[in-house]
$ cat protein-v1.tsv   # TSV, C-alpha atoms
chain	number	residue	atom	x	y	z
M	43	MET	CA	206.99	-18.02	138.07
M	44	ASP	CA	204.33	-16.40	140.22
M	45	ILE	CA	205.78	-12.99	139.53
M	46	GLN	CA	205.85	-13.75	135.78
M	47	SER	CA	202.22	-14.99	135.82
M	48	LYS	CA	201.12	-11.88	137.67
M	49	GLY	CA	202.92	-9.75	135.07
M	50	GLN	CA	201.17	-11.53	132.20
M	51	ASP	CA	197.76	-11.16	133.85
M	52	LYS	CA	198.45	-7.49	134.42
M	53	ALA	CA	199.45	-7.04	130.77
M	54	LYS	CA	196.26	-8.76	129.61
M	55	THR	CA	194.17	-6.58	131.90
M	56	LYS	CA	195.95	-3.49	130.60
M	57	ILE	CA	195.28	-4.51	126.99
M	58	TRP	CA	191.59	-5.12	127.68
M	59	ASN	CA	191.28	-1.75	129.38
M	60	ASP	CA	192.71	-0.04	126.32
M	61	PRO	CA	189.78	1.91	124.71
M	62	ALA	CA	191.17	1.39	121.21
M	63	VAL	CA	191.31	-2.40	121.64
M	64	ARG	CA	187.79	-2.56	123.06
M	65	SER	CA	186.52	-0.32	120.28
M	66	VAL	CA	187.92	-2.59	117.55
M	67	PHE	CA	186.63	-5.71	119.33
M	68	PHE	CA	183.07	-4.48	119.64
M	69	GLN	CA	183.03	-3.13	116.09
M	70	VAL	CA	184.16	-6.50	114.74
M	71	LEU	CA	181.55	-8.18	116.91
M	72	ALA	CA	178.80	-5.87	115.61
M	73	VAL	CA	179.80	-6.38	111.97
M	74	GLY	CA	179.90	-10.13	112.49
M	75	ALA	CA	176.41	-10.10	114.01
M	76	VAL	CA	175.01	-8.09	111.08
M	77	VAL	CA	176.66	-10.37	108.50
M	78	ALA	CA	175.40	-13.47	110.31
M	79	PHE	CA	171.87	-12.05	110.41
M	80	PHE	CA	171.78	-11.36	106.67
M	81	LEU	CA	173.35	-14.74	105.86
M	82	TYR	CA	170.61	-16.39	107.89
M	83	ILE	CA	167.89	-14.41	106.09
M	84	ILE	CA	169.34	-15.17	102.65
M	85	ASN	CA	169.81	-18.86	103.41
M	86	ASN	CA	166.27	-19.11	104.78
M	87	ALA	CA	164.85	-17.43	101.67
M	88	LEU	CA	166.82	-19.67	99.30
M	89	THR	CA	165.75	-22.78	101.20
M	90	ASN	CA	162.07	-21.82	101.07
M	91	MET	CA	162.30	-21.01	97.36
M	92	GLU	CA	163.97	-24.34	96.64
M	93	GLN	CA	161.24	-26.22	98.51
M	94	ARG	CA	158.59	-24.46	96.41
M	95	GLY	CA	160.42	-25.04	93.13
M	96	ILE	CA	161.13	-21.36	92.51
M	97	THR	CA	164.25	-20.80	90.44
M	98	THR	CA	166.75	-18.07	91.30
M	99	GLY	CA	169.25	-16.08	89.31
M	100	PHE	CA	169.22	-13.33	86.72
M	101	ALA	CA	168.79	-15.48	83.60
M	102	PHE	CA	165.24	-14.15	83.23
M	103	LEU	CA	166.66	-10.78	82.10
M	104	GLY	CA	167.35	-12.35	78.70
M	105	ASP	CA	163.78	-13.62	78.19
M	106	GLN	CA	161.34	-11.84	75.89
M	107	ALA	CA	159.19	-9.28	77.70
M	108	GLY	CA	156.08	-9.49	75.53
M	109	PHE	CA	154.47	-6.26	76.71
M	110	GLY	CA	154.55	-2.65	75.55
M	111	ILE	CA	155.62	0.44	77.46
M	112	LEU	CA	153.87	3.78	77.14
M	113	GLN	CA	157.06	5.87	77.05
M	114	SER	CA	160.62	4.89	76.22
M	115	LEU	CA	163.71	7.04	75.80
M	116	ILE	CA	165.43	4.20	73.94
M	117	ASP	CA	164.19	1.92	71.18
M	118	TYR	CA	161.83	-0.68	72.66
M	119	ASN	CA	159.13	-3.10	71.51
M	120	GLU	CA	157.39	-6.20	72.82
M	121	THR	CA	160.08	-8.51	71.45
M	122	ASN	CA	162.82	-7.00	73.61
M	123	SER	CA	164.06	-8.66	76.79
M	124	PHE	CA	163.22	-8.02	80.42
M	125	GLY	CA	166.69	-6.55	80.74
M	126	ARG	CA	165.63	-3.92	78.23
M	127	THR	CA	162.55	-3.11	80.29
M	128	PHE	CA	164.84	-2.49	83.26
M	129	PHE	CA	166.78	0.17	81.37
M	130	VAL	CA	163.58	1.73	80.00
M	131	GLY	CA	162.18	2.10	83.52
M	132	LEU	CA	165.52	3.32	84.84
M	133	LEU	CA	165.80	6.07	82.22
M	134	ASN	CA	162.20	7.16	82.81
M	135	THR	CA	162.91	7.41	86.54
M	136	VAL	CA	166.10	9.42	85.97
M	137	LEU	CA	164.23	11.72	83.57
M	138	VAL	CA	161.61	12.56	86.20
M	139	ALA	CA	164.23	13.00	88.94
M	140	VAL	CA	166.48	15.33	86.93
M	141	LEU	CA	163.67	17.46	85.49
M	142	GLY	CA	161.93	17.58	88.87
M	143	ILE	CA	165.08	18.70	90.69
M	144	ILE	CA	165.74	21.49	88.19
M	145	MET	CA	162.16	22.76	88.15
M	146	ALA	CA	161.65	22.49	91.92
M	147	THR	CA	164.92	24.34	92.58
M	148	LEU	CA	164.00	27.25	90.32
M	149	LEU	CA	160.46	27.52	91.68
M	150	GLY	CA	161.59	27.02	95.27
M	151	PHE	CA	164.19	29.82	95.05
M	152	PHE	CA	161.61	32.16	93.54
M	153	ILE	CA	159.01	31.39	96.23
M	154	GLY	CA	161.55	31.48	99.07
M	155	ILE	CA	162.86	34.90	98.07
M	156	GLY	CA	159.30	36.08	97.45
M	157	ARG	CA	158.35	35.21	101.03
M	158	LEU	CA	161.01	37.65	102.27
M	159	SER	CA	159.79	40.42	99.97
M	160	HIS	CA	158.80	43.76	101.49
M	161	ASN	CA	155.79	43.72	99.17
M	162	TRP	CA	152.88	42.53	101.34
M	163	LEU	CA	150.99	40.82	98.51
M	164	ILE	CA	153.99	38.87	97.18
M	165	SER	CA	155.00	37.80	100.69
M	166	LYS	CA	151.50	36.57	101.58
M	167	LEU	CA	151.07	34.75	98.27
M	168	ALA	CA	154.40	32.94	98.81
M	169	THR	CA	153.41	32.05	102.38
M	170	THR	CA	150.04	30.73	101.23
M	171	TYR	CA	151.70	28.61	98.53
M	172	ILE	CA	154.16	27.08	101.01
M	173	GLU	CA	151.62	26.34	103.75
M	174	THR	CA	149.15	24.90	101.26
M	175	PHE	CA	151.21	22.56	99.11
M	176	ARG	CA	153.60	21.19	101.72
M	177	ASN	CA	150.66	20.13	103.93
M	178	ILE	CA	148.77	18.18	101.26
M	179	PRO	CA	150.01	14.58	100.72
M	180	LEU	CA	151.99	14.20	97.53
M	181	LEU	CA	149.90	11.27	96.29
M	182	LEU	CA	146.74	13.38	96.49
M	183	GLN	CA	148.45	16.14	94.51
M	184	ILE	CA	149.45	13.64	91.83
M	185	PHE	CA	145.84	12.44	91.61
M	186	PHE	CA	144.60	16.04	91.44
M	187	TRP	CA	146.81	17.04	88.51
M	188	TYR	CA	146.19	13.80	86.64
M	189	PHE	CA	142.48	13.13	87.17
M	190	ALA	CA	141.04	16.56	87.97
M	191	VAL	CA	143.12	18.71	85.61
M	192	LEU	CA	144.61	16.72	82.74
M	193	GLN	CA	141.69	14.31	82.30
M	194	GLY	CA	139.46	17.32	81.71
M	195	LEU	CA	141.33	18.37	78.59
M	196	PRO	CA	139.66	18.13	75.17
M	197	SER	CA	139.94	15.20	72.77
M	198	PRO	CA	142.64	15.18	70.05
M	199	ARG	CA	140.22	16.55	67.43
M	200	ASN	CA	139.47	19.55	69.67
M	201	SER	CA	143.01	20.08	70.89
M	202	MET	CA	144.25	23.30	72.41
M	203	GLN	CA	146.96	24.56	70.09
M	204	LEU	CA	149.69	27.15	69.83
M	205	GLY	CA	150.28	28.06	66.24
M	206	GLU	CA	150.28	25.15	63.81
M	207	SER	CA	152.82	22.92	65.54
M	208	VAL	CA	152.02	22.65	69.29
M	209	PHE	CA	148.92	20.74	70.46
M	210	PHE	CA	147.67	19.89	73.96
M	211	ASN	CA	144.87	17.42	74.67
M	212	ILE	CA	143.84	14.58	76.95
M	213	ARG	CA	146.47	12.31	75.39
M	214	GLY	CA	149.39	14.60	76.01
M	215	LEU	CA	151.43	17.51	74.71
M	216	TYR	CA	152.61	17.30	71.09
M	217	LEU	CA	155.67	19.32	70.05
M	218	PRO	CA	157.89	19.54	66.96
M	219	LYS	CA	160.69	16.98	67.14
M	220	PRO	CA	164.22	17.75	65.88
M	221	VAL	CA	165.56	15.17	63.46
M	222	TYR	CA	169.37	15.20	63.21
M	223	GLU	CA	171.12	14.50	59.92
M	224	ASP	CA	174.67	13.65	58.90
M	225	GLY	CA	177.05	16.41	59.93
M	226	PHE	CA	175.23	17.43	63.11
M	227	GLY	CA	178.13	16.03	65.13
M	228	VAL	CA	180.11	19.15	64.18
M	229	VAL	CA	177.34	21.31	65.63
M	230	ALA	CA	177.32	19.22	68.82
M	231	ALA	CA	181.08	19.71	69.11
M	232	ALA	CA	180.56	23.47	68.69
M	233	ILE	CA	178.04	23.42	71.55
M	234	VAL	CA	180.57	21.66	73.80
M	235	ILE	CA	183.28	24.19	72.83
M	236	ALA	CA	180.89	27.07	73.52
M	237	ILE	CA	180.14	25.72	76.99
M	238	ALA	CA	183.87	25.36	77.67
M	239	ILE	CA	184.46	28.97	76.57
M	240	VAL	CA	181.71	30.21	78.90
M	241	ILE	CA	183.22	28.27	81.81
M	242	GLY	CA	186.58	29.89	81.00
M	243	LEU	CA	184.94	33.33	80.94
M	244	VAL	CA	183.38	32.72	84.35
M	245	LYS	CA	186.73	31.69	85.84
M	246	PHE	CA	188.40	34.71	84.24
M	247	GLU	CA	185.75	37.03	85.68
M	248	HIS	CA	186.15	35.57	89.18
M	249	LYS	CA	189.94	35.90	89.03
M	250	ARG	CA	189.71	39.45	87.70
M	251	GLN	CA	187.30	40.39	90.47
M	252	ARG	CA	189.58	38.95	93.14
M	253	ASP	CA	192.63	40.72	91.75
M	254	THR	CA	191.18	44.12	90.85
M	255	GLY	CA	187.78	44.29	92.52
M	256	LYS	CA	186.20	45.09	89.16
M	257	THR	CA	183.43	43.02	87.60
M	258	PHE	CA	183.22	41.92	83.99
M	259	PRO	CA	179.75	41.75	82.34
M	260	LEU	CA	179.26	38.07	81.59
M	261	PHE	CA	175.65	37.67	80.54
M	262	LEU	CA	175.71	39.10	77.03
M	263	PRO	CA	179.15	37.68	76.04
M	264	SER	CA	178.18	34.24	77.38
M	265	LEU	CA	174.83	34.33	75.62
M	266	GLY	CA	176.54	35.40	72.40
M	267	VAL	CA	179.02	32.51	72.59
M	268	LEU	CA	176.40	29.89	73.55
M	269	VAL	CA	174.03	30.90	70.76
M	270	GLY	CA	176.28	32.44	68.15
M	271	LEU	CA	179.04	29.83	67.82
M	272	PRO	CA	176.75	26.76	67.37
M	273	LEU	CA	174.48	28.78	65.06
M	274	ILE	CA	177.37	29.82	62.80
M	275	VAL	CA	178.67	26.25	62.67
M	276	PHE	CA	175.12	25.00	62.00
M	277	PHE	CA	174.77	27.13	58.87
M	278	ILE	CA	178.32	26.39	57.70
M	279	ALA	CA	177.61	22.65	57.99
M	280	GLY	CA	174.56	23.04	55.75
M	281	SER	CA	171.80	23.05	58.38
M	282	PRO	CA	172.02	19.30	59.20
M	283	MET	CA	168.69	19.17	61.04
M	284	HIS	CA	164.99	19.43	60.25
M	285	TRP	CA	161.78	19.39	62.29
M	286	ASP	CA	159.17	16.64	62.40
M	287	TYR	CA	155.81	18.33	63.10
M	288	PRO	CA	152.87	16.52	64.74
M	289	ALA	CA	149.76	16.15	62.56
M	290	LEU	CA	146.29	14.83	63.28
M	291	ALA	CA	145.81	11.45	61.56
M	292	GLY	CA	142.53	9.73	62.38
M	293	PHE	CA	141.80	9.85	66.09
M	294	ASN	CA	145.28	10.85	67.26
M	295	PHE	CA	148.38	12.80	66.32
M	296	LYS	CA	151.26	11.25	64.44
M	297	GLY	CA	154.85	12.44	64.33
M	298	GLY	CA	156.55	15.03	66.46
M	299	LEU	CA	157.48	14.66	70.12
M	300	THR	CA	154.83	13.41	72.54
M	301	ILE	CA	154.89	14.20	76.27
M	302	ILE	CA	152.41	11.84	77.90
M	303	PRO	CA	149.95	13.22	80.51
M	304	GLU	CA	151.31	10.85	83.18
M	305	LEU	CA	154.71	12.51	82.93
M	306	ILE	CA	153.19	16.01	82.98
M	307	ALA	CA	151.07	15.29	86.08
M	308	LEU	CA	153.93	13.64	87.94
M	309	LEU	CA	156.38	16.44	87.13
M	310	ILE	CA	153.96	19.18	88.16
M	311	ALA	CA	153.09	17.44	91.44
M	312	LEU	CA	156.72	16.69	92.36
M	313	THR	CA	157.81	20.21	91.44
M	314	VAL	CA	155.03	22.02	93.29
M	315	TYR	CA	155.33	19.81	96.39
M	316	THR	CA	159.13	19.82	96.69
M	317	ALA	CA	159.41	23.52	95.83
M	318	ALA	CA	157.39	24.35	98.95
M	319	PHE	CA	160.05	22.70	101.12
M	320	ILE	CA	162.92	24.17	99.12
M	321	ALA	CA	161.38	27.63	99.54
M	322	GLU	CA	161.56	27.26	103.32
M	323	VAL	CA	165.17	26.07	103.05
M	324	VAL	CA	166.02	29.14	100.96
M	325	ARG	CA	164.19	31.48	103.33
M	326	SER	CA	165.95	30.09	106.40
M	327	GLY	CA	169.33	30.21	104.64
M	328	ILE	CA	168.91	33.86	103.70
M	329	GLU	CA	167.70	34.81	107.18
M	330	ALA	CA	170.77	33.09	108.64
M	331	ILE	CA	173.00	35.75	107.07
M	332	PRO	CA	173.75	38.60	109.54
M	333	ARG	CA	171.78	41.78	108.86
M	334	GLY	CA	175.06	43.68	108.72
M	335	GLN	CA	175.82	42.09	105.35
M	336	SER	CA	172.68	43.63	103.84
M	337	GLU	CA	173.44	46.97	105.44
M	338	ALA	CA	176.99	46.92	104.08
M	339	ALA	CA	175.67	46.08	100.58
M	340	ASN	CA	173.20	48.96	100.79
M	341	ALA	CA	175.98	51.26	101.94
M	342	LEU	CA	177.95	50.37	98.82
M	343	GLY	CA	174.99	51.45	96.69
M	344	LEU	CA	174.04	47.98	95.45
M	345	SER	CA	170.50	47.47	94.24
M	346	ASN	CA	168.26	44.81	95.80
M	347	GLY	CA	168.99	42.43	92.94
M	348	GLN	CA	172.76	42.96	93.20
M	349	ARG	CA	172.60	42.60	96.98
M	350	LEU	CA	170.91	39.22	96.69
M	351	ARG	CA	173.01	37.97	93.78
M	352	LEU	CA	176.44	39.16	94.92
M	353	VAL	CA	176.28	39.23	98.72
M	354	ILE	CA	173.37	37.40	100.33
M	355	VAL	CA	172.74	34.29	98.19
M	356	PRO	CA	176.44	33.26	97.84
M	357	GLN	CA	176.77	33.26	101.63
M	358	ALA	CA	173.37	31.66	102.18
M	359	MET	CA	174.26	28.76	99.87
M	360	ARG	CA	176.57	27.38	102.57
M	361	VAL	CA	173.52	27.05	104.81
M	362	ILE	CA	171.10	26.02	102.06
M	363	ILE	CA	172.99	23.15	100.40
M	364	PRO	CA	172.84	20.45	103.16
M	365	PRO	CA	169.04	20.57	103.69
M	366	MET	CA	168.56	21.11	99.94
M	367	THR	CA	170.29	17.77	99.38
M	368	ASN	CA	167.66	16.07	101.53
M	369	GLN	CA	164.90	17.54	99.36
M	370	TYR	CA	166.59	16.27	96.19
M	371	LEU	CA	166.82	12.79	97.68
M	372	ASN	CA	163.17	12.93	98.75
M	373	LEU	CA	162.10	13.98	95.26
M	374	THR	CA	163.98	11.09	93.66
M	375	LYS	CA	162.42	8.57	96.03
M	376	ASN	CA	158.96	10.14	95.81
M	377	SER	CA	159.03	9.64	92.04
M	378	SER	CA	158.22	5.97	92.75
M	379	LEU	CA	154.62	7.13	93.40
M	380	ALA	CA	154.36	7.36	89.60
M	381	THR	CA	152.98	3.83	89.58
M	382	ALA	CA	149.71	5.22	91.00
M	383	ILE	CA	148.86	6.93	87.69
M	384	GLY	CA	150.58	4.47	85.35
M	385	TYR	CA	153.73	6.40	84.48
M	386	PRO	CA	156.23	3.76	83.29
M	387	ASP	CA	159.03	4.34	85.80
M	388	LEU	CA	161.26	1.63	87.27
M	389	VAL	CA	158.78	0.62	89.98
M	390	SER	CA	155.85	0.35	87.56
M	391	VAL	CA	157.62	-1.32	84.63
M	392	PHE	CA	160.19	-3.50	86.34
M	393	MET	CA	158.99	-4.14	89.88
M	394	GLY	CA	155.39	-4.23	88.69
M	395	THR	CA	154.80	-5.80	85.27
M	396	THR	CA	158.11	-7.67	85.02
M	397	LEU	CA	157.77	-9.10	88.54
M	398	ASN	CA	154.22	-10.28	87.83
M	399	GLN	CA	155.32	-12.08	84.66
M	400	THR	CA	158.53	-13.67	85.94
M	401	GLY	CA	157.95	-14.17	89.65
M	402	GLN	CA	161.60	-13.35	90.36
M	403	ALA	CA	160.72	-11.25	93.40
M	404	ILE	CA	164.05	-11.26	95.24
M	405	GLU	CA	166.17	-10.42	92.20
M	406	ILE	CA	163.83	-7.69	90.92
M	407	ILE	CA	163.32	-6.05	94.30
M	408	PHE	CA	167.06	-6.18	94.95
M	409	MET	CA	167.84	-4.53	91.60
M	410	THR	CA	165.21	-1.83	92.16
M	411	MET	CA	166.47	-1.06	95.65
M	412	ALA	CA	170.04	-0.94	94.34
M	413	VAL	CA	169.04	1.60	91.66
M	414	TYR	CA	167.42	3.96	94.15
M	415	LEU	CA	170.38	3.56	96.50
M	416	PHE	CA	172.78	4.38	93.66
M	417	LEU	CA	170.76	7.43	92.58
M	418	SER	CA	170.57	8.73	96.14
M	419	LEU	CA	174.27	8.19	96.84
M	420	SER	CA	175.22	9.81	93.52
M	421	THR	CA	173.06	12.86	94.25
M	422	SER	CA	174.45	13.11	97.76
M	423	ALA	CA	178.04	12.81	96.53
M	424	LEU	CA	177.52	15.51	93.90
M	425	MET	CA	175.93	17.90	96.39
M	426	ASN	CA	178.64	17.20	98.99
M	427	TRP	CA	181.28	17.97	96.38
M	428	TYR	CA	179.58	21.26	95.56
M	429	ASN	CA	179.20	22.04	99.25
M	430	SER	CA	182.93	21.50	99.79
M	431	ARG	CA	183.71	23.83	96.88
M	432	ILE	CA	181.73	26.74	98.35
M	433	ALA	CA	182.70	26.13	101.97
M	434	LEU	CA	184.78	28.76	103.75
M	435	VAL	CA	188.46	27.83	103.95
M	436	GLU	CA	189.65	28.35	107.51
M	437	ARG	CA	193.22	29.19	108.36

$ encode --input "protein-v1.tsv" --output "C-alpha cells"
Amino acid sequence: MDIQSKGQDKAKTKIWNDPAVRSVFFQVLAVGAVVAFFLYIINNALTNMEQRGITTGFAFLGDQAGFGILQSLIDYNETNSFGRTFFVGLLNTVLVAVLGIIMATLLGFFIGIGRLSHNWLISKLATTYIETFRNIPLLLQIFFWYFAVLQGLPSPRNSMQLGESVFFNIRGLYLPKPVYEDGFGVVAAAIVIAIAIVIGLVKFEHKRQRDTGKTFPLFLPSLGVLVGLPLIVFFIAGSPMHWDYPALAGFNFKGGLTIIPELIALLIALTVYTAAFIAEVVRSGIEAIPRGQSEAANALGLSNGQRLRLVIVPQAMRVIIPPMTNQYLNLTKNSSLATAIGYPDLVSVFMGTTLNQTGQAIEIIFMTMAVYLFLSLSTSALMNWYNSRIALVER
C-alpha cells in the first residue's frame, strides 16, 4: 500500500509539473476571475439602479424620439423612434469614417511620395505639411475649419457659386441631386456588370504578365467599360434619371443635395490630420525597400512613375498595410469628436440627445461601444485579409 500511495503521489506531482496542465489551469483561473469581476460590476449596477427606481432594458428604443436631426441618410422625422435615431447616427458615423479613410489614404500617399521627391521644394513642402498637422491636436483643427474657415463664408443670398447649379455658403454646399426613375435598376445592373468585367480584365492582365512577361494596357479599356456600358444602357432604357437643382427660396436654398458645414469641417480635419500620419507610413514603407530594387528598375529603362507603380509600391505595401490599419482605426474612433461642432454622429445623436431624454445610460453606452468595437474589428479584419493576399508565399 505504501508503494502504491507513493506511486499515486508521484503521478500527481508529475501531472502538476506538466507545463500544458499548468497553462490550462491558470488560463481557466484568469478567465474565471475576469468573469466574476464583470458579474460583480453588473450586479452592483443593477442593484443601485433598482434602488433608485431606474428601469432597465431596451424597450425605450420603440418610444417616439421627438427631436429633429440635422442630417439623415435615411428617412427620419420627429415622430420616429429612438431606435431610428440609433441607425441615423450609425450611418452618419460610417459615412464620415469611409469618406475620411478614402480621402486620407489618397492625400497621405501623395504627401508621403512627395517627401521622397528629389525636387527640393516638393520635399520641403511635404515635410512642412507632415510636421505641422500631425503636431496640432485634432480637436483644434476641427474648430479651426469649422469656426475660422466655414463660419466666415457668405450668407445664402451672397453665395459663392459655380455655374448655375453649385452654391457654397455658411449653411453648406448645395449640389444637384440625381432623382432615379422607374427603369434605373437596369442601369445599376449594368454598372455592376461593368465592374465585374474590369475585375476580370485585371485578373487576365496579371495572368498574362506572369505567363509571358508582357503587360496589357488596362486604363483605357477599363475606363471605356466603366463609362461606356452603363451609358449605353442608360440611353437604351430611356434616360430614367433627372437632376433636382438647388434654388434660392427666401432665406435659404431648396432642393438639390445639401452637404452641411459640420460634415465638411469634420471631413477636412480628419483627412488632413490622418494623412500626415499615413504619409510617414508610406515614406517608411518605401524606404524599407532595398535600393537595389530601384537600381534594377532603372536598369530596365523604367520611368520614375513605372518604377514606383510596378516595383517599389507593390513591395512597400507589405510594410505599409499593418501600420496603415492603425491609422484607419484611429480615424474611425476620432470621428466621435464630431459632437464638438454638432455633427449628428452616433455619439452626438444617440449617446448625447437620446441619453439625455431617456436616461438609459448603461444600455446606450453599451450599444455605442459595441458599434465602435464592431467597426474597428471589421476594418481590422478587412485589412488583415488584404495583407494576407499580398504577403509573400514562402516555400

$ atom_distance --input "protein-v1.tsv" --atom1 "atom CA of M:Pro386" --atom2 "atom CA of M:Phe416"
19.5 Å

$ atom_distance --input "protein-v1.tsv" --atom1 "atom CA of M:Gly154" --atom2 "atom CA of M:Lys166"
11.5 Å

$ residues_around --input "protein-v1.tsv" --residues "stretch 285-292 of chain M" --least-positions-apart "6" --cutoff "12 Å" --atoms "only C-alpha atoms" --output "PyMOL selection string"
chain M and resi 197-201+203+205-211+214-223+298-301

$ residues_around --input "protein-v1.tsv" --residues "M:Arg176" --least-positions-apart "3" --cutoff "9 Å" --atoms "all atoms listed in the file" --output "count of residues only"
11

$ residues_around --input "protein-v1.tsv" --residues "M:Ala139" --least-positions-apart "5" --cutoff "8 Å" --atoms "all atoms listed in the file" --output "VMD selection string"
chain M and resid 373 to 374 377

$ closest_residue --input "protein-v1.tsv" --among "M:Val391, M:Val73, M:Ala433, M:Ala78" --to "M:Gly125" --atoms "all atoms listed in the file"
M:Val391

$ atom_distance --input "protein-v1.tsv" --atom1 "atom CA of M:Val234" --atom2 "atom CA of M:Gly280"
19.1 Å

$ residues_near_point --input "protein-v1.tsv" --point "(151.5, 9.9, 87.3)" --cutoff "8 Å" --atoms "only C-alpha atoms" --output "JSON, numbers by chain"
{"M": [184, 185, 188, 303, 304, 305, 306, 307, 308, 379, 380, 381, 382, 383, 384, 385]}

$ write_last_selection --input "protein-v1.tsv" --atoms "C-alpha atoms" --output "tab-separated table (two decimals), in the frame of the given file"
chain	number	residue	atom	x	y	z
M	184	ILE	CA	149.45	13.64	91.83
M	185	PHE	CA	145.84	12.44	91.61
M	188	TYR	CA	146.19	13.80	86.64
M	303	PRO	CA	149.95	13.22	80.51
M	304	GLU	CA	151.31	10.85	83.18
M	305	LEU	CA	154.71	12.51	82.93
M	306	ILE	CA	153.19	16.01	82.98
M	307	ALA	CA	151.07	15.29	86.08
M	308	LEU	CA	153.93	13.64	87.94
M	379	LEU	CA	154.62	7.13	93.40
M	380	ALA	CA	154.36	7.36	89.60
M	381	THR	CA	152.98	3.83	89.58
M	382	ALA	CA	149.71	5.22	91.00
M	383	ILE	CA	148.86	6.93	87.69
M	384	GLY	CA	150.58	4.47	85.35
M	385	TYR	CA	153.73	6.40	84.48

$ residues_around --input "protein-v1.tsv" --residues "M:Asn429" --least-positions-apart "4" --cutoff "9 Å" --atoms "only C-alpha atoms" --output "list in words"
Met359, Arg360, Ile363, Pro364, Leu424, Met425 and Ala433 of chain M

$ write_last_selection --input "protein-v1.tsv" --atoms "C-alpha atoms" --output "PDB file, keeping the file's coordinate frame"
ATOM      1  CA  MET M 359     174.260  28.760  99.870  1.00  0.00           C
ATOM      2  CA  ARG M 360     176.570  27.380 102.570  1.00  0.00           C
ATOM      3  CA  ILE M 363     172.990  23.150 100.400  1.00  0.00           C
ATOM      4  CA  PRO M 364     172.840  20.450 103.160  1.00  0.00           C
ATOM      5  CA  LEU M 424     177.520  15.510  93.900  1.00  0.00           C
ATOM      6  CA  MET M 425     175.930  17.900  96.390  1.00  0.00           C
ATOM      7  CA  ALA M 433     182.700  26.130 101.970  1.00  0.00           C
TER       8      ALA M 433
END

$ closest_residue --input "protein-v1.tsv" --among "M:Leu352, M:Thr98, M:Asn372, M:Ile212" --to "M:Phe295" --atoms "all atoms listed in the file"
M:Ile212

$ closest_residue --input "protein-v1.tsv" --among "M:Asn376, M:Thr400, M:Arg157, M:Glu120" --to "M:Thr313" --atoms "only C-alpha atoms"
M:Asn376

$ residues_near_point --input "protein-v1.tsv" --point "(170.9, 16.1, 95.8)" --cutoff "8 Å" --atoms "only C-alpha atoms" --output "list of chain:residue names"
M:Met366, M:Thr367, M:Asn368, M:Gln369, M:Tyr370, M:Leu371, M:Ser418, M:Ser420, M:Thr421, M:Ser422, M:Ala423, M:Leu424, M:Met425

$ closest_residue --input "protein-v1.tsv" --among "M:Ala412, M:Ala403, M:Leu388, M:Val70" --to "M:Leu132" --atoms "all atoms listed in the file"
M:Leu388

$ closest_residue --input "protein-v1.tsv" --among "M:Val269, M:Met145, M:Ile328, M:Met409" --to "M:Ala236" --atoms "only C-alpha atoms"
M:Val269

$ residues_around --input "protein-v1.tsv" --residues "M:Glu405" --least-positions-apart "4" --cutoff "12 Å" --atoms "only C-alpha atoms" --output "list of chain:residue names"
M:Ile84, M:Ala87, M:Leu88, M:Thr97, M:Thr98, M:Gly99, M:Phe100, M:Ala101, M:Phe102, M:Leu103, M:Phe392, M:Met393, M:Thr396, M:Leu397, M:Thr400, M:Gly401, M:Met409, M:Thr410, M:Met411, M:Ala412

$ axis_aligned_box --input "protein-v1.tsv" --around "stretch 359-367 of chain M" --padding-each-side "3 Å" --output "JSON"
{"center_x": 172.6, "center_y": 23.3, "center_z": 102.1, "size_x": 14.0, "size_y": 17.0, "size_z": 11.4}

$ closest_residue --input "protein-v1.tsv" --among "M:Ser390, M:Ser326, M:Ser264, M:Asn340" --to "M:Ala358" --atoms "all atoms listed in the file"
M:Ser326

$ decode --input "protein-v1.tsv" --residues "stretch 259-269 of chain M" --atoms "N, CA and C atoms" --output "mmCIF file, in the first residue's frame"
data_model
loop_
_atom_site.group_PDB
_atom_site.id
_atom_site.type_symbol
_atom_site.label_atom_id
_atom_site.label_comp_id
_atom_site.auth_asym_id
_atom_site.auth_seq_id
_atom_site.Cartn_x
_atom_site.Cartn_y
_atom_site.Cartn_z
ATOM 1 N N PRO M 259 -2.373 47.092 -71.639
ATOM 2 C CA PRO M 259 -2.859 48.410 -71.202
ATOM 3 C C PRO M 259 -4.288 48.325 -70.691
ATOM 4 N N LEU M 260 -4.460 48.607 -69.396
ATOM 5 C CA LEU M 260 -5.766 48.411 -68.764
ATOM 6 C C LEU M 260 -6.571 49.695 -68.610
ATOM 7 N N PHE M 261 -5.909 50.826 -68.520
ATOM 8 C CA PHE M 261 -6.613 52.045 -68.123
ATOM 9 C C PHE M 261 -7.729 52.415 -69.102
ATOM 10 N N LEU M 262 -7.389 52.561 -70.362
ATOM 11 C CA LEU M 262 -8.391 52.990 -71.341
ATOM 12 C C LEU M 262 -9.498 51.948 -71.534
ATOM 13 N N PRO M 263 -9.169 50.633 -71.692
ATOM 14 C CA PRO M 263 -10.258 49.647 -71.800
ATOM 15 C C PRO M 263 -11.164 49.625 -70.569
ATOM 16 N N SER M 264 -10.567 49.716 -69.374
ATOM 17 C CA SER M 264 -11.370 49.705 -68.151
ATOM 18 C C SER M 264 -12.261 50.940 -68.064
ATOM 19 N N LEU M 265 -11.683 52.091 -68.403
ATOM 20 C CA LEU M 265 -12.472 53.322 -68.389
ATOM 21 C C LEU M 265 -13.606 53.253 -69.401
ATOM 22 N N GLY M 266 -13.317 52.679 -70.582
ATOM 23 C CA GLY M 266 -14.352 52.552 -71.598
ATOM 24 C C GLY M 266 -15.500 51.661 -71.147
ATOM 25 N N VAL M 267 -15.164 50.554 -70.468
ATOM 26 C CA VAL M 267 -16.206 49.639 -69.983
ATOM 27 C C VAL M 267 -17.012 50.286 -68.863
ATOM 28 N N LEU M 268 -16.311 50.921 -67.884
ATOM 29 C CA LEU M 268 -16.992 51.504 -66.734
ATOM 30 C C LEU M 268 -17.933 52.640 -67.137
ATOM 31 N N VAL M 269 -17.528 53.417 -68.126
ATOM 32 C CA VAL M 269 -18.345 54.556 -68.541
ATOM 33 C C VAL M 269 -19.273 54.185 -69.693
#
